[in-house]
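Take a look at the structure below.
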Amino acid sequence: MNILLLNGPNLNMLGKRDASIYGTETLKDVEDMCQNFADKNGVSLTCRQSNHEGELVTWIQQARSTYDVIIINGGAYTHTSIAIHDALEIFDGKVVEIHISEPKEREAFRHISYIEPCADYRIAGHGIKGYIMAFEWAVDKK
Ligand code: CA2
C-alpha cells in the first residue's frame with residue numbers, strides 16, 4: 001500500500017510555539033513516527049509539507065493512480081481551499097482528514113472544512129497520535 005501524508009501551512013512550525021494547542025513534537029517527530037508505523041505495517045510512505053496551496057494541489061493531482069490513500073492535515077487551507085477540495089474529489093483513492101486539535105471546538109472560522117466532504121474518514125482532537133489513528137484506519141479499511 002502506498003500512502004501520501006500531506007501537511008499544509010504552518011505545520012512546519014510544530015513544536016516551535018503554541019505547545020498548549022499543538023503539543024511539543026516537531027513535524028520531523030510526526031513524520032518519523034508515521035514512517036515507523038509504515039515500516040512496521042509494510043506501507044510505502046511519502047511525507048510532504050507545503051505552505052503553498054498550489055503545491056498541495058499539484059501533489060494531490062500527481063497522487064492519482066500512484067497512491068492508495070492520502071492522509072491530509074490541510075492546516076488553515078482546510079477552512080478556505082476549494083482548490084484542494086476539487087483536487088481531492090478527482091483523487092481516485094481514499095482520503096483521511098486529520099487535525100491535531102478539534103477545529104470545530106475552536107473559533108467559528110475553523111468550523112467549515114472543505115476537505116471533510118471528500119474524506120472517507122476524519123480524525124481530530126487527539127493530538128499527534130491522531131496521525132497514527134489515521135494510518136490505522138487506512139491499513140484496516142483499504
Ligand atoms: O488542528 C490542526 O491540526 C489544524 O489543522 C492546525 C492548523 C489550523 O489552522 C487548523 O485550524 C487546525 C494550524 C497549523 C499549525 O500552526 C501552528 C502555529 C503555531 C505553532 C505551531 C503550529
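Residue numbering restarts at 1 in every chain; chains get A, B, ... in the order shown in the C-alpha cells, and ligands count up from 1 in that same order.
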
Tell me, counting only C-alpha atoms and all ligand atoms, for each residue of chain A within 10 Å of ligand 1, which pair of atoms is nearest and how far apart they are in Å to one decimal, in rows ordered by chain and increasing number, as a Markdown table.
```
| residue | atom | partner | partner_atom_place_in_ligand_line | distance |
| --- | --- | --- | --- | --- |
| A:Asn7 | CA | ligand 1 | 5 (O) | 8.5 |
| A:Gly8 | CA | ligand 1 | 14 (C) | 7.2 |
| A:Pro9 | CA | ligand 1 | 14 (C) | 6.1 |
| A:Asn10 | CA | ligand 1 | 16 (O) | 4.5 |
| A:Leu11 | CA | ligand 1 | 15 (C) | 4.3 |
| A:Asn12 | CA | ligand 1 | 22 (C) | 7.0 |
| A:Met13 | CA | ligand 1 | 21 (C) | 4.4 |
| A:Leu14 | CA | ligand 1 | 21 (C) | 3.9 |
| A:Gly15 | CA | ligand 1 | 21 (C) | 6.0 |
| A:Lys16 | CA | ligand 1 | 20 (C) | 5.8 |
| A:Arg17 | CA | ligand 1 | 20 (C) | 4.4 |
| A:Asp18 | CA | ligand 1 | 20 (C) | 4.8 |
| A:Ala19 | CA | ligand 1 | 20 (C) | 7.1 |
| A:Ser20 | CA | ligand 1 | 20 (C) | 9.6 |
| A:Ile21 | CA | ligand 1 | 1 (O) | 7.8 |
| A:Tyr22 | CA | ligand 1 | 21 (C) | 6.2 |
| A:Gly23 | CA | ligand 1 | 21 (C) | 8.3 |
| A:Thr24 | CA | ligand 1 | 21 (C) | 8.9 |
| A:Glu25 | CA | ligand 1 | 21 (C) | 9.6 |
| A:Thr26 | CA | ligand 1 | 21 (C) | 8.6 |
| A:Leu27 | CA | ligand 1 | 22 (C) | 9.2 |
| A:Asn51 | CA | ligand 1 | 14 (C) | 9.9 |
| A:Ile72 | CA | ligand 1 | 5 (O) | 9.1 |
| A:Asn73 | CA | ligand 1 | 5 (O) | 5.5 |
| A:Gly74 | CA | ligand 1 | 5 (O) | 5.8 |
| A:Gly75 | CA | ligand 1 | 5 (O) | 3.6 |
| A:Ala76 | CA | ligand 1 | 9 (O) | 3.5 |
| A:Tyr77 | CA | ligand 1 | 9 (O) | 7.3 |
| A:Thr78 | CA | ligand 1 | 5 (O) | 7.0 |
| A:His79 | CA | ligand 1 | 11 (O) | 7.1 |
| A:Glu97 | CA | ligand 1 | 5 (O) | 9.2 |
| A:Ile98 | CA | ligand 1 | 3 (O) | 6.6 |
| A:His99 | CA | ligand 1 | 3 (O) | 3.3 |
| A:Ile100 | CA | ligand 1 | 3 (O) | 3.7 |
| A:Ser101 | CA | ligand 1 | 1 (O) | 3.5 |
| A:Glu102 | CA | ligand 1 | 1 (O) | 5.8 |
| A:Pro103 | CA | ligand 1 | 11 (O) | 5.2 |
| A:Lys104 | CA | ligand 1 | 11 (O) | 8.6 |
| A:Arg106 | CA | ligand 1 | 11 (O) | 8.0 |
| A:Glu107 | CA | ligand 1 | 11 (O) | 8.6 |
| A:Phe109 | CA | ligand 1 | 11 (O) | 8.4 |
| A:Arg110 | CA | ligand 1 | 11 (O) | 5.3 |
| A:His111 | CA | ligand 1 | 11 (O) | 8.3 |
| A:Ile112 | CA | ligand 1 | 11 (O) | 9.5 |
| A:Ser113 | CA | ligand 1 | 11 (O) | 9.1 |
| A:Ile123 | CA | ligand 1 | 3 (O) | 9.7 |
| A:Ala124 | CA | ligand 1 | 1 (O) | 7.0 |
| A:Gly125 | CA | ligand 1 | 1 (O) | 7.0 |
| A:His126 | CA | ligand 1 | 1 (O) | 9.2 |
| A:Gly127 | CA | ligand 1 | 1 (O) | 7.9 |
| A:Ile128 | CA | ligand 1 | 3 (O) | 8.4 |
| A:Gly130 | CA | ligand 1 | 3 (O) | 9.3 |
| A:Tyr131 | CA | ligand 1 | 3 (O) | 9.8 |
```

Spatial neighbours of A:Gln62, max dist 10 Å, only C-alpha atoms, sep filter under 6 positions, as a PyMOL selection string
chain A and resi 56+87+91

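Coordinates place atom CA of A:Leu88 at a distance of 9.7 Å from atom CA of A:Ala63.
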
Atom CA of A:Ser50 to atom CA of A:Trp137, straight-line distance in Å
24.1 Å

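Proximity of A:Ile60, A:Arg48, A:Glu136, A:Ile115 to A:Ile90, computed with only C-alpha atoms, is greatest for A:Ile60.
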
If you run DSSP on this backbone, which residues of chain A come out as alpha helix (DSSP H), and could you give them as a ChimeraX atom specification?
/A:19-22,27-40,53-63,82-90,129-141

For A:Val57, which of A:Asp92, A:Asn2, A:Asp86, A:Asp32 is the closest residue, counting only C-alpha atoms?
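When distances to A:Val57 are compared using only C-alpha atoms, the smallest one comes from A:Asp86.
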
Strand (DSSP E or B) residues, from DSSP on the backbone, in stretch 55-129 of chain A, as a PyMOL selection string:
chain A and resi 69-73+94-99+121-124

Using only C-alpha atoms, tabulate the residues of stretch 13-96 of chain A lying at most 7 Å from any atom of stretch 116-121 of chain A, each with its closest atom pair and that distance in Å to one decimal, by chain and increasing residue number, as CSV.
```
residue,atom,partner,partner_atom,distance
A:His85,CA,A:Cys118,CA,6.8
A:Leu88,CA,A:Cys118,CA,6.3
A:Glu89,CA,A:Cys118,CA,5.9
A:Lys94,CA,A:Asp120,CA,6.2
A:Val95,CA,A:Ala119,CA,4.8
A:Val96,CA,A:Tyr121,CA,4.9
```

Could you tell me which of A:Gly93, A:Val69, A:Ile82, A:Leu6 comes closest to A:Val43 if we count only C-alpha atoms?
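Selected residue with least distance to A:Val43: A:Val69.
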
How many Å lie between atom CA of A:Lys129 and atom CA of A:Gly42, rounded to one decimal?
19.4 Å
